[in-house]
2 protein chains.
Amino acid sequence: MNYRPLFFITGLVLSKMAVFMYFPMILAFYYHSFGGMEFLASIIITHLASIIFLYLGGETNRSHLGVKEMFMLTTGVWILASLFAALPFVFIEHISYSDAFFETMSGITTTGSTVLHGLDTMHPSILLWRSILQWLGGVGFIVMGVAILPFLNVGGMRLFQTESSDWSDKSASKTRRVALDILLVYVSLTVCCFIGYRFAGMENFDAVNHAMTTISTGGYSTSDNSMGHFSKLAHWNAVIFMFLGGLPFLLLIRSMQQKSFGPLWRDAQIQGFAKLVICCSLSLTLYLVFTDQFSWSDAIRLSVFNVVSVITTTGFGLDDFITWGDFSVLIFSGLLFTGACSGSTAGGIKIFRFQIAFSLLKRQLMLLMHPHALFPQKYNNRKVSDEILRSLVAFVIAYMTTIAVSTLLLTLFGAHSMVALSASITAVSNVGPGLVESIGPSGNFAALPAPSKWVLSIGMLMGRLEILTVAVMLTRHFWRR
Amino acid sequence: MNYRPLFFITGLVLSKMAVFMYFPMILAFYYHSFGGMEFLASIIITHLASIIFLYLGGETNRSHLGVKEMFMLTTGVWILASLFAALPFVFIEHISYSDAFFETMSGITTTGSTVLHGLDTMHPSILLWRSILQWLGGVGFIVMGVAILPFLNVGGMRLFQTESSDWSDKSASKTRRVALDILLVYVSLTVCCFIGYRFAGMENFDAVNHAMTTISTGGYSTSDNSMGHFSKLAHWNAVIFMFLGGLPFLLLIRSMQQKSFGPLWRDAQIQGFAKLVICCSLSLTLYLVFTDQFSWSDAIRLSVFNVVSVITTTGFGLDDFITWGDFSVLIFSGLLFTGACSGSTAGGIKIFRFQIAFSLLKRQLMLLMHPHALFPQKYNNRKVSDEILRSLVAFVIAYMTTIAVSTLLLTLFGAHSMVALSASITAVSNVGPGLVESIGPSGNFAALPAPSKWVLSIGMLMGRLEILTVAVMLTRHFWRR
Ligand SMILES: [K+]
Ligand SMILES: [K+]
């Protein structure tokens with residue numbers, strides 16, 4: 001195994017990350033609030049580490065990367081970067097390194113589970129750093145999901161490889177151009193979201209933070225009350241931009257280039273996503289109204305907000321939906337797995353996998369009735385080959401296995417089985433809050449023992465990297481010469 | 001759709017079933033206990049219905065059955081037969097028809113969930129009838145699983161179609177011979193199990209009943225305390241015959257014909273089944289001992305018994321394992337889905353599907369590292385074709401969907417979400433007791449509202465018929481001309 005590319009890229013990433021540490025530092029110094037010196041220390045350490053990694057990496061020719069190196073790189077960079085991104089939490093919040101790493105991984109994977117209490121009175125510098133982590137993680141994973149994962153053929157993502165013919169030649173310059181396009185759309189959406197929040201009455205600081213954590217479907221907030229702290233208009237603004245964050249960014253780009261909604265309307269995945277949001281919101285609204293829990297207007301707002309928040313794996317809290325009753329708990333349990341569209345900032349299993357699964361079921365039922373007929377399976381007018389199906393099935397098996405193993409470990413470390421299950425699902429799906437009170441929308445992960453936090457951190461990263469990218473490194477064969 | 005074959009076969013089945021009603025009737029008259037006249041009434045009604053159905057069926061040529069008729073027949077016969085088999089429960093126990101149908105379906109599908117209280121003081125005739133239902137259901141489903149389902153290619157079962165070359169020509173006489181072989185092995189095992197129970201100190205009546213419900217992996221008992229009412233030797237006898245009931249009967253036959261354990265040892269599915277039993281029993285034993293709940297000998301007995309009872313979907317209770325703690329609840333939650341071997345009396349997803357799933361995962365991980373290598377997927381030295389894989393995946397999707405829909409419906413009918421989920425899983429997997437206290441090993445399904453019982457009855461039948469056999473009838477296309 002050649003570790004030099006890993007060190008080199010990590011060095012590059014750390015040097016970029018240190019630059020983003022300047023923002024909270026400047027904020028702290030400018031407003032004479034706490035954290036300036038601590039961020040300065042983190043920046044110096046990160047820069048030094050960056051130099052060491054670049055030195056260890058030496059001259060690296062990117063085109064010489066083998067498949068194993070690609071996997072190691074994809075996983076390793078995020079872990080190594082998180083090790084340093086965790087420093088400000090240790091220095092400023094005086095929490096253990098395990099807690100700090102959990103908070104960082106939860107941020108950078110846009111999961112949004114937290115171990116910190118008292119957000120409303122927290123130093124602005126650290127709040128900003130949390131939001132920046134999610135914002136960076138969000139765009140980082142879209143670019144990876146578009147530029148790397150389809151080529152590794154992880155979990156049936158080759159379906160999207162030939163989406164645009166531009167992609168088949170893998171040329172570095174074209175990859176760079178698409179990455180820039182994505183960044184441009186991402187920044188534009190963040191700015192629009194910020195303006196929306198300002199218009200809805202948020203302060204500048206809150207609006208900046210929530211804009212970053214909304215579009216990245218991360219879900220970190222500046223208030224323990226999460227979105228409950230803000231106006232109803234802000235809730236609707238969040239709904240719009242969480243939804244946009246759950247769309248495939250390549251299609252958003254095409255739609256903007258063509259100045260038409262066509263590419264969005266016509267996409268099977270987006271259609272499924274929209275239908276699911278509408279169906280779930282509608283049934284929840286009816287349930288909330290007919291069980292006399294809320295007025296129509298509140299019921300609609302709360303339903304739509306929470307459904308979009310969970311499907312897009314944002315995990316913003318607004319009223320504790322666990323208390324709404326068994327029916328809503330079931331709906332949200334299902335949505336925890338769903339995720340939004342592939343190629344977005346959302347985690348989870350993703351809509352297209354469910355669509356392919358149900359079209360397969362339909363095909364097999366037809367085949368039972370007409371054993372000798374031919375029913376080619378298609379998705380978005382493209383044939384679903386046997387290889388894609390196998391790779392997709394392997395993804396789901398690995399997904400469920402990851403959740404099962406994580407649940408078992410958390411239980412052995414002392415958690416109640418339902419807490420363990422809920423925490424594992426929400427981590428692997430990158431949603432954030434669990435469906436059990438202690439770790440729910442109003443709960444917190446601080447009480448879990450340190451080993452559980454490391455397990456969940458790995459789970460979040462696995463979920464974010466489409467499981468198999470990490471799972472492949474857990475096989476013996478991977479480490480054999 | 002041609003309904004005449006359905007009526008004809010139902011008529012035949014009802015006439016056979018009426019014969020089995022003679023046993024509890026004779027028992028009641030002989031011991032002057034209650035139920036004789038009620039069974040006589042049931043027999044008369046069933047015989048009359050049988051005649052009517054035979055008349056409606058008229059002359060039927062079996063070879064003219066279309067695929068749709070086969071599906072209708074496979075599902076319809078069990079429903080129509082259960083409608084009449086439920087009569088004794090209404091007449092003798094004076095329960096509602098919904099309850100009686102639930103109890104019957106639970107019996108005949110070898111699920112073993114019950115709505116009846118006070119088994120220890122119940123009329124022997126009705127206890128015997130419950131056991132007979134499970135015994136008949138058990139052998140009926142093995143024969144179906146061997147003779148019909150593989151030809152319908154339901155859920156990847158074509159894997160087993162060519163198991164013995166005898167099967168490829170579908171000739172009716174050979175089918176009949178294999179069916180007779182199965183019946184012979186089934187009866188022999190029942191007799192051996194009976195002798196074992198007698199040897200372990202059971203009374204004749206208890207031994208007969210438990211022999212029938214052990215080998216059929218049904219799990220009905222003659223005591224509210226289930227197996228807890230009997231000796232430790234009886235527990236070990238149950239373990240042996242539950243395990244045997246979970247083996248593929250075709251291989252049992254071959255093993256007996258060849259007078260060698262070879263066919264059993266060499267089978268990948270049996271190996272996986274045995275390994276799973278050993279691993280789970282071992283970890284549970286260690287857990288029970290190290291948490292100071294039981295002595296070593298009790299821990300081993302309770303672990304092995306309950307693991308085998310749940311994996312083989314028998315569902316005999318012995319000590320309430322829900323109270324053993326979170327780790328064991330998790331283990332049993334997993335085992336609820338597993339099921340034993342295909343071609344046995346057990347329900348559930350079945351071991352071979354998990355084995356193929358994990359070998360697929362392994363293959364895909366290898367493929368990620370070596371994108372251009374060829375890794376043919378094999379099972380038991382037979383190639384797992386893409387069609388088998390698709391059909392297997394469709395099965396699992398349909399399985400999970402059935403559980404989800406059933407859970408949602410039960411919740412809407414007022415059940416707590418965990419009760420609804422647990423009841424749905426245990427019904428569709430044909431296990432019997434749930435993992436929630438109210439419906440657990442010491443609980444009872446009587447408190448559920450009538451609509452929930454109908455939903456669960458359908459769930460049990462779907463689980464028993466490998467889901468897709470019934471699901472195909474829920475499509476619009478099936479009913480179109
Ligand atoms: K999130
Ligand atoms: K059972």
# chains A, B, ... in the order shown; residues from 1 in each chain; ligands from 1

call {"tool": "interface_residues", "arguments": {"of": "chain B", "to": "chain A", "cutoff": "6 Å", "atoms": "only C-alpha atoms", "output": "PyMOL selection string"}}
result
chain B and resi 326+361+365+394+417+472

call {"tool": "residues_around", "arguments": {"residues": "region 89-104 of chain A", "least_positions_apart": "6", "cutoff": "7 Å", "atoms": "only C-alpha atoms", "output": "PDB file with N, CA and C atoms, in the first residue's frame"}}
result
ATOM      1  N   GLY A  35     -12.136  32.693  22.607  1.00  0.00           N
ATOM      2  CA  GLY A  35     -11.820  31.682  21.608  1.00  0.00           C
ATOM      3  C   GLY A  35     -10.770  32.080  20.598  1.00  0.00           C
ATOM      4  N   GLU A  38      -7.388  30.416  21.235  1.00  0.00           N
ATOM      5  CA  GLU A  38      -7.546  28.964  21.082  1.00  0.00           C
ATOM      6  C   GLU A  38      -7.601  28.596  19.603  1.00  0.00           C
ATOM      7  N   SER A  82     -10.516  15.344  10.481  1.00  0.00           N
ATOM      8  CA  SER A  82     -11.359  15.513  11.668  1.00  0.00           C
ATOM      9  C   SER A  82     -10.520  15.538  12.942  1.00  0.00           C
ATOM     10  N   LEU A  83      -9.415  14.772  12.931  1.00  0.00           N
ATOM     11  CA  LEU A  83      -8.558  14.746  14.123  1.00  0.00           C
ATOM     12  C   LEU A  83      -8.091  16.158  14.483  1.00  0.00           C
ATOM     13  N   THR A 114     -25.208  16.142  18.649  1.00  0.00           N
ATOM     14  CA  THR A 114     -24.313  16.989  19.437  1.00  0.00           C
ATOM     15  C   THR A 114     -24.104  16.448  20.845  1.00  0.00           C
ATOM     16  N   VAL A 115     -22.951  16.763  21.422  1.00  0.00           N
ATOM     17  CA  VAL A 115     -22.684  16.438  22.825  1.00  0.00           C
ATOM     18  C   VAL A 115     -22.631  17.714  23.661  1.00  0.00           C
ATOM     19  N   ALA A 450     -17.569   6.926  26.150  1.00  0.00           N
ATOM     20  CA  ALA A 450     -16.628   7.285  25.082  1.00  0.00           C
ATOM     21  C   ALA A 450     -16.547   6.239  23.964  1.00  0.00           C
ATOM     22  N   LYS A 453     -19.167   6.632  21.477  1.00  0.00           N
ATOM     23  CA  LYS A 453     -19.035   7.806  20.612  1.00  0.00           C
ATOM     24  C   LYS A 453     -18.104   7.517  19.441  1.00  0.00           C
ATOM     25  N   TRP A 454     -17.068   6.731  19.680  1.00  0.00           N
ATOM     26  CA  TRP A 454     -16.169   6.370  18.570  1.00  0.00           C
ATOM     27  C   TRP A 454     -16.893   5.468  17.586  1.00  0.00           C
ATOM     28  N   SER A 457     -19.129   7.632  15.599  1.00  0.00           N
ATOM     29  CA  SER A 457     -18.352   8.462  14.668  1.00  0.00           C
ATOM     30  C   SER A 457     -18.015   7.680  13.408  1.00  0.00           C
TER      31      SER A 457
END

call {"tool": "closest_residue", "arguments": {"among": "A:Phe34, A:Tyr220, A:Phe84, A:Phe53", "to": "ligand 1", "atoms": "only C-alpha atoms and all ligand atoms"}}
result
A:Tyr220

call {"tool": "residues_near_ligand", "arguments": {"ligand": "ligand 1", "cutoff": "7 Å", "atoms": "only C-alpha atoms and all ligand atoms", "output": "list in words"}}
result
Thr110, Thr111, Gly112, Thr217, Gly218, Gly219, Thr313, Thr314, Gly315, Asn430, Val431 and Gly432 of chain A

call {"tool": "closest_residue", "arguments": {"among": "B:Val13, B:Ala234, B:Cys193, B:Leu87", "to": "Leu40 (chain B)", "atoms": "only C-alpha atoms"}}
result
B:Leu87

call {"tool": "residues_around", "arguments": {"residues": "Ser125 (chain B)", "least_positions_apart": "3", "cutoff": "10 Å", "atoms": "only C-alpha atoms", "output": "short mmCIF file (atom, residue, chain, number, x, y, z; two decimals) with C-alpha atoms, in the first residue's frame"}}
result
data_model
loop_
_atom_site.label_atom_id
_atom_site.label_comp_id
_atom_site.auth_asym_id
_atom_site.auth_seq_id
_atom_site.Cartn_x
_atom_site.Cartn_y
_atom_site.Cartn_z
CA MET B 21 -61.79 -33.66 13.48
CA PHE B 23 -59.78 -37.48 16.78
CA PRO B 24 -60.73 -34.70 19.23
CA MET B 25 -64.38 -35.82 18.99
CA ILE B 26 -63.49 -39.39 19.93
CA LEU B 27 -61.22 -38.10 22.68
CA ALA B 28 -64.06 -36.03 24.13
CA PHE B 29 -66.62 -38.87 23.97
CA TYR B 31 -63.12 -39.41 28.33
CA SER B 33 -65.11 -34.46 28.56
CA PHE B 34 -66.68 -31.45 26.84
CA GLY B 35 -66.60 -30.89 23.10
CA GLY B 36 -67.82 -34.12 21.55
CA GLU B 38 -69.48 -29.52 19.14
CA PHE B 39 -66.89 -31.39 17.11
CA PRO B 88 -64.71 -25.82 16.96
CA ILE B 92 -66.48 -24.83 22.35
CA MET B 122 -58.92 -26.24 28.85
CA LEU B 128 -55.76 -31.59 20.64
CA TRP B 129 -57.39 -29.74 17.76
CA ARG B 130 -54.90 -26.88 18.08
#

call {"tool": "residues_around", "arguments": {"residues": "Tyr399 (chain A)", "least_positions_apart": "3", "cutoff": "8 Å", "atoms": "only C-alpha atoms", "output": "count of residues only"}}
result
8

call {"tool": "select_by_dssp", "arguments": {"residues": "region 220-301 of chain B", "states": "helix (DSSP H, G or I)", "output": "tab-separated table (two decimals) with N, CA, C and O atoms, in the first residue's frame"}}
result
chain	number	residue	atom	x	y	z
B	226	SER	N	-46.17	-22.94	28.96
B	226	SER	CA	-45.48	-23.55	27.83
B	226	SER	C	-44.49	-24.60	28.34
B	226	SER	O	-44.83	-25.37	29.25
B	227	MET	N	-43.30	-24.64	27.83
B	227	MET	CA	-42.35	-25.69	28.19
B	227	MET	C	-41.86	-25.57	29.64
B	227	MET	O	-41.27	-26.50	30.19
B	228	GLY	N	-42.07	-24.40	30.24
B	228	GLY	CA	-41.66	-24.21	31.63
B	228	GLY	C	-42.37	-25.17	32.57
B	228	GLY	O	-41.94	-25.41	33.69
B	229	HIS	N	-43.49	-25.72	32.08
B	229	HIS	CA	-44.30	-26.64	32.88
B	229	HIS	C	-43.65	-28.01	32.99
B	229	HIS	O	-44.04	-28.80	33.86
B	232	LYS	N	-36.52	-30.76	32.67
B	232	LYS	CA	-35.35	-30.31	31.91
B	232	LYS	C	-35.06	-31.26	30.75
B	232	LYS	O	-34.63	-30.82	29.68
B	233	LEU	N	-35.29	-32.55	30.99
B	233	LEU	CA	-35.08	-33.51	29.91
B	233	LEU	C	-36.01	-33.20	28.73
B	233	LEU	O	-35.62	-33.30	27.56
B	234	ALA	N	-37.25	-32.84	29.07
B	234	ALA	CA	-38.21	-32.49	28.01
B	234	ALA	C	-37.70	-31.30	27.20
B	234	ALA	O	-37.88	-31.25	25.98
B	235	HIS	N	-37.05	-30.36	27.89
B	235	HIS	CA	-36.52	-29.20	27.16
B	235	HIS	C	-35.50	-29.64	26.12
B	235	HIS	O	-35.50	-29.17	24.99
B	236	TRP	N	-34.60	-30.54	26.54
B	236	TRP	CA	-33.58	-31.00	25.59
B	236	TRP	C	-34.19	-31.81	24.46
B	236	TRP	O	-33.74	-31.74	23.31
B	237	ASN	N	-35.22	-32.60	24.78
B	237	ASN	CA	-35.92	-33.33	23.72
B	237	ASN	C	-36.53	-32.34	22.72
B	237	ASN	O	-36.44	-32.54	21.50
B	238	ALA	N	-37.10	-31.26	23.25
B	238	ALA	CA	-37.68	-30.24	22.36
B	238	ALA	C	-36.60	-29.63	21.49
B	238	ALA	O	-36.80	-29.44	20.28
B	239	VAL	N	-35.44	-29.36	22.07
B	239	VAL	CA	-34.35	-28.76	21.29
B	239	VAL	C	-34.01	-29.63	20.09
B	239	VAL	O	-33.91	-29.15	18.95
B	240	ILE	N	-33.86	-30.94	20.35
B	240	ILE	CA	-33.48	-31.86	19.27
B	240	ILE	C	-34.51	-31.86	18.14
B	240	ILE	O	-34.17	-31.73	16.97
B	241	PHE	N	-35.80	-31.96	18.51
B	241	PHE	CA	-36.80	-32.09	17.46
B	241	PHE	C	-37.20	-30.77	16.82
B	241	PHE	O	-37.63	-30.74	15.68
B	242	MET	N	-37.04	-29.68	17.55
B	242	MET	CA	-37.21	-28.38	16.89
B	242	MET	C	-36.11	-28.23	15.84
B	242	MET	O	-36.35	-27.79	14.71
B	243	PHE	N	-34.89	-28.58	16.22
B	243	PHE	CA	-33.76	-28.47	15.29
B	243	PHE	C	-34.01	-29.33	14.05
B	243	PHE	O	-33.84	-28.87	12.92
B	244	LEU	N	-34.45	-30.59	14.29
B	244	LEU	CA	-34.75	-31.47	13.14
B	244	LEU	C	-35.86	-30.88	12.28
B	244	LEU	O	-35.82	-30.96	11.05
B	245	GLY	N	-36.86	-30.30	12.93
B	245	GLY	CA	-37.96	-29.68	12.18
B	245	GLY	C	-37.49	-28.51	11.34
B	245	GLY	O	-38.16	-28.12	10.39
B	249	PHE	N	-36.38	-31.13	4.61
B	249	PHE	CA	-36.85	-32.51	4.70
B	249	PHE	C	-36.36	-33.38	3.56
B	249	PHE	O	-36.15	-34.57	3.73
B	250	LEU	N	-36.14	-32.78	2.39
B	250	LEU	CA	-35.62	-33.58	1.28
B	250	LEU	C	-34.26	-34.17	1.62
B	250	LEU	O	-33.95	-35.31	1.27
B	251	LEU	N	-33.45	-33.38	2.35
B	251	LEU	CA	-32.13	-33.87	2.73
B	251	LEU	C	-32.23	-34.91	3.83
B	251	LEU	O	-31.45	-35.86	3.88
B	252	LEU	N	-33.21	-34.73	4.73
B	252	LEU	CA	-33.44	-35.76	5.75
B	252	LEU	C	-33.77	-37.08	5.08
B	252	LEU	O	-33.26	-38.13	5.46
B	253	ILE	N	-34.64	-37.03	4.06
B	253	ILE	CA	-35.02	-38.24	3.34
B	253	ILE	C	-33.79	-38.88	2.69
B	253	ILE	O	-33.52	-40.07	2.85
B	254	ARG	N	-33.00	-38.03	1.99
B	254	ARG	CA	-31.83	-38.58	1.31
B	254	ARG	C	-30.86	-39.19	2.31
B	254	ARG	O	-30.27	-40.24	2.08
B	255	SER	N	-30.69	-38.50	3.44
B	255	SER	CA	-29.79	-39.00	4.48
B	255	SER	C	-30.26	-40.36	4.99
B	255	SER	O	-29.46	-41.26	5.23
B	256	MET	N	-31.59	-40.51	5.14
B	256	MET	CA	-32.10	-41.80	5.61
B	256	MET	C	-31.95	-42.87	4.54
B	256	MET	O	-31.57	-44.00	4.83
B	257	GLN	N	-32.22	-42.49	3.29
B	257	GLN	CA	-32.09	-43.47	2.20
B	257	GLN	C	-30.65	-43.96	2.07
B	257	GLN	O	-30.40	-45.14	1.86
B	262	GLY	N	-23.90	-37.77	5.61
B	262	GLY	CA	-23.21	-37.00	4.58
B	262	GLY	C	-24.04	-35.88	3.95
B	262	GLY	O	-23.62	-34.72	3.96
B	263	PRO	N	-25.22	-36.20	3.40
B	263	PRO	CA	-26.01	-35.16	2.73
B	263	PRO	C	-26.32	-33.99	3.66
B	263	PRO	O	-26.47	-32.85	3.22
B	264	LEU	N	-26.41	-34.27	4.97
B	264	LEU	CA	-26.71	-33.21	5.92
B	264	LEU	C	-25.46	-32.38	6.22
B	264	LEU	O	-25.48	-31.15	6.17
B	265	TRP	N	-24.35	-33.06	6.52
B	265	TRP	CA	-23.10	-32.34	6.84
B	265	TRP	C	-22.68	-31.43	5.72
B	265	TRP	O	-22.17	-30.35	5.95
B	268	ALA	N	-24.65	-26.52	2.65
B	268	ALA	CA	-24.22	-25.20	3.11
B	268	ALA	C	-25.26	-24.57	4.05
B	268	ALA	O	-24.92	-23.91	5.03
B	269	GLN	N	-26.54	-24.82	3.75
B	269	GLN	CA	-27.57	-24.18	4.56
B	269	GLN	C	-27.59	-24.77	5.97
B	269	GLN	O	-27.69	-24.05	6.97
B	270	ILE	N	-27.45	-26.10	6.07
B	270	ILE	CA	-27.44	-26.73	7.39
B	270	ILE	C	-26.21	-26.30	8.19
B	270	ILE	O	-26.29	-26.03	9.38
B	271	GLN	N	-25.08	-26.21	7.49
B	271	GLN	CA	-23.87	-25.72	8.17
B	271	GLN	C	-24.10	-24.33	8.76
B	271	GLN	O	-23.77	-24.07	9.92
B	272	GLY	N	-24.69	-23.45	7.94
B	272	GLY	CA	-24.95	-22.09	8.42
B	272	GLY	C	-25.91	-22.09	9.59
B	272	GLY	O	-25.72	-21.35	10.57
B	273	PHE	N	-26.94	-22.89	9.50
B	273	PHE	CA	-27.95	-23.03	10.55
B	273	PHE	C	-27.28	-23.47	11.86
B	273	PHE	O	-27.45	-22.85	12.92
B	274	ALA	N	-26.47	-24.53	11.77
B	274	ALA	CA	-25.81	-25.05	12.98
B	274	ALA	C	-24.85	-24.03	13.58
B	274	ALA	O	-24.85	-23.80	14.79
B	275	LYS	N	-24.09	-23.37	12.71
B	275	LYS	CA	-23.15	-22.35	13.21
B	275	LYS	C	-23.89	-21.23	13.93
B	275	LYS	O	-23.47	-20.76	14.98
B	276	LEU	N	-24.99	-20.81	13.33
B	276	LEU	CA	-25.75	-19.71	13.92
B	276	LEU	C	-26.28	-20.10	15.30
B	276	LEU	O	-26.19	-19.34	16.27
B	277	VAL	N	-26.82	-21.31	15.40
B	277	VAL	CA	-27.34	-21.80	16.68
B	277	VAL	C	-26.22	-21.82	17.73
B	277	VAL	O	-26.39	-21.33	18.85
B	278	ILE	N	-25.06	-22.33	17.33
B	278	ILE	CA	-23.96	-22.45	18.28
B	278	ILE	C	-23.46	-21.07	18.72
B	278	ILE	O	-23.32	-20.79	19.91
B	279	CYS	N	-23.25	-20.18	17.76
B	279	CYS	CA	-22.75	-18.84	18.09
B	279	CYS	C	-23.70	-18.11	19.02
B	279	CYS	O	-23.30	-17.55	20.05
B	280	CYS	N	-24.97	-18.09	18.68
B	280	CYS	CA	-25.94	-17.34	19.47
B	280	CYS	C	-26.10	-17.96	20.86
B	280	CYS	O	-26.15	-17.24	21.86
B	281	SER	N	-26.17	-19.28	20.93
B	281	SER	CA	-26.33	-19.94	22.23
B	281	SER	C	-25.13	-19.64	23.11
B	281	SER	O	-25.27	-19.34	24.30
B	282	LEU	N	-23.95	-19.70	22.50
B	282	LEU	CA	-22.73	-19.49	23.26
B	282	LEU	C	-22.67	-18.07	23.81
B	282	LEU	O	-22.42	-17.86	25.01
B	283	SER	N	-22.94	-17.08	22.97
B	283	SER	CA	-22.83	-15.71	23.47
B	283	SER	C	-23.90	-15.43	24.51
B	283	SER	O	-23.65	-14.73	25.49
B	284	LEU	N	-25.10	-15.98	24.32
B	284	LEU	CA	-26.15	-15.78	25.32
B	284	LEU	C	-25.80	-16.45	26.64
B	284	LEU	O	-26.03	-15.89	27.72
B	285	THR	N	-25.24	-17.66	26.55
B	285	THR	CA	-24.84	-18.36	27.77
B	285	THR	C	-23.83	-17.53	28.55
B	285	THR	O	-23.99	-17.29	29.75
B	286	LEU	N	-22.80	-17.07	27.84
B	286	LEU	CA	-21.78	-16.24	28.49
B	286	LEU	C	-22.42	-15.00	29.11
B	286	LEU	O	-22.12	-14.63	30.24
B	287	TYR	N	-23.31	-14.39	28.36
B	287	TYR	CA	-23.97	-13.18	28.85
B	287	TYR	C	-24.76	-13.47	30.13
B	287	TYR	O	-24.67	-12.74	31.12
B	288	LEU	N	-25.54	-14.57	30.10
B	288	LEU	CA	-26.38	-14.90	31.26
B	288	LEU	C	-25.53	-15.24	32.49
B	288	LEU	O	-25.89	-14.90	33.62
B	289	VAL	N	-24.40	-15.92	32.25
B	289	VAL	CA	-23.55	-16.29	33.39
B	289	VAL	C	-22.83	-15.06	33.94
B	289	VAL	O	-22.81	-14.83	35.15
B	290	PHE	N	-22.27	-14.26	33.04
B	290	PHE	CA	-21.47	-13.13	33.52
B	290	PHE	C	-22.32	-11.99	34.07
B	290	PHE	O	-21.83	-11.12	34.78
B	296	TRP	N	-24.27	-21.95	35.30
B	296	TRP	CA	-23.83	-22.41	33.98
B	296	TRP	C	-24.84	-23.37	33.35
B	296	TRP	O	-25.22	-23.20	32.19
B	297	SER	N	-25.28	-24.39	34.10
B	297	SER	CA	-26.12	-25.42	33.48
B	297	SER	C	-27.47	-24.84	33.06
B	297	SER	O	-27.98	-25.13	31.98
B	298	ASP	N	-28.04	-24.00	33.92
B	298	ASP	CA	-29.31	-23.37	33.53
B	298	ASP	C	-29.11	-22.44	32.35
B	298	ASP	O	-29.93	-22.39	31.42
B	299	ALA	N	-28.02	-21.69	32.38
B	299	ALA	CA	-27.76	-20.73	31.30
B	299	ALA	C	-27.65	-21.44	29.96
B	299	ALA	O	-28.22	-21.00	28.96
B	300	ILE	N	-26.93	-22.57	29.95
B	300	ILE	CA	-26.78	-23.31	28.69
B	300	ILE	C	-28.14	-23.80	28.19
B	300	ILE	O	-28.52	-23.59	27.04
B	301	ARG	N	-28.90	-24.43	29.12
B	301	ARG	CA	-30.18	-24.99	28.72
B	301	ARG	C	-31.12	-23.88	28.21
B	301	ARG	O	-31.71	-24.00	27.12
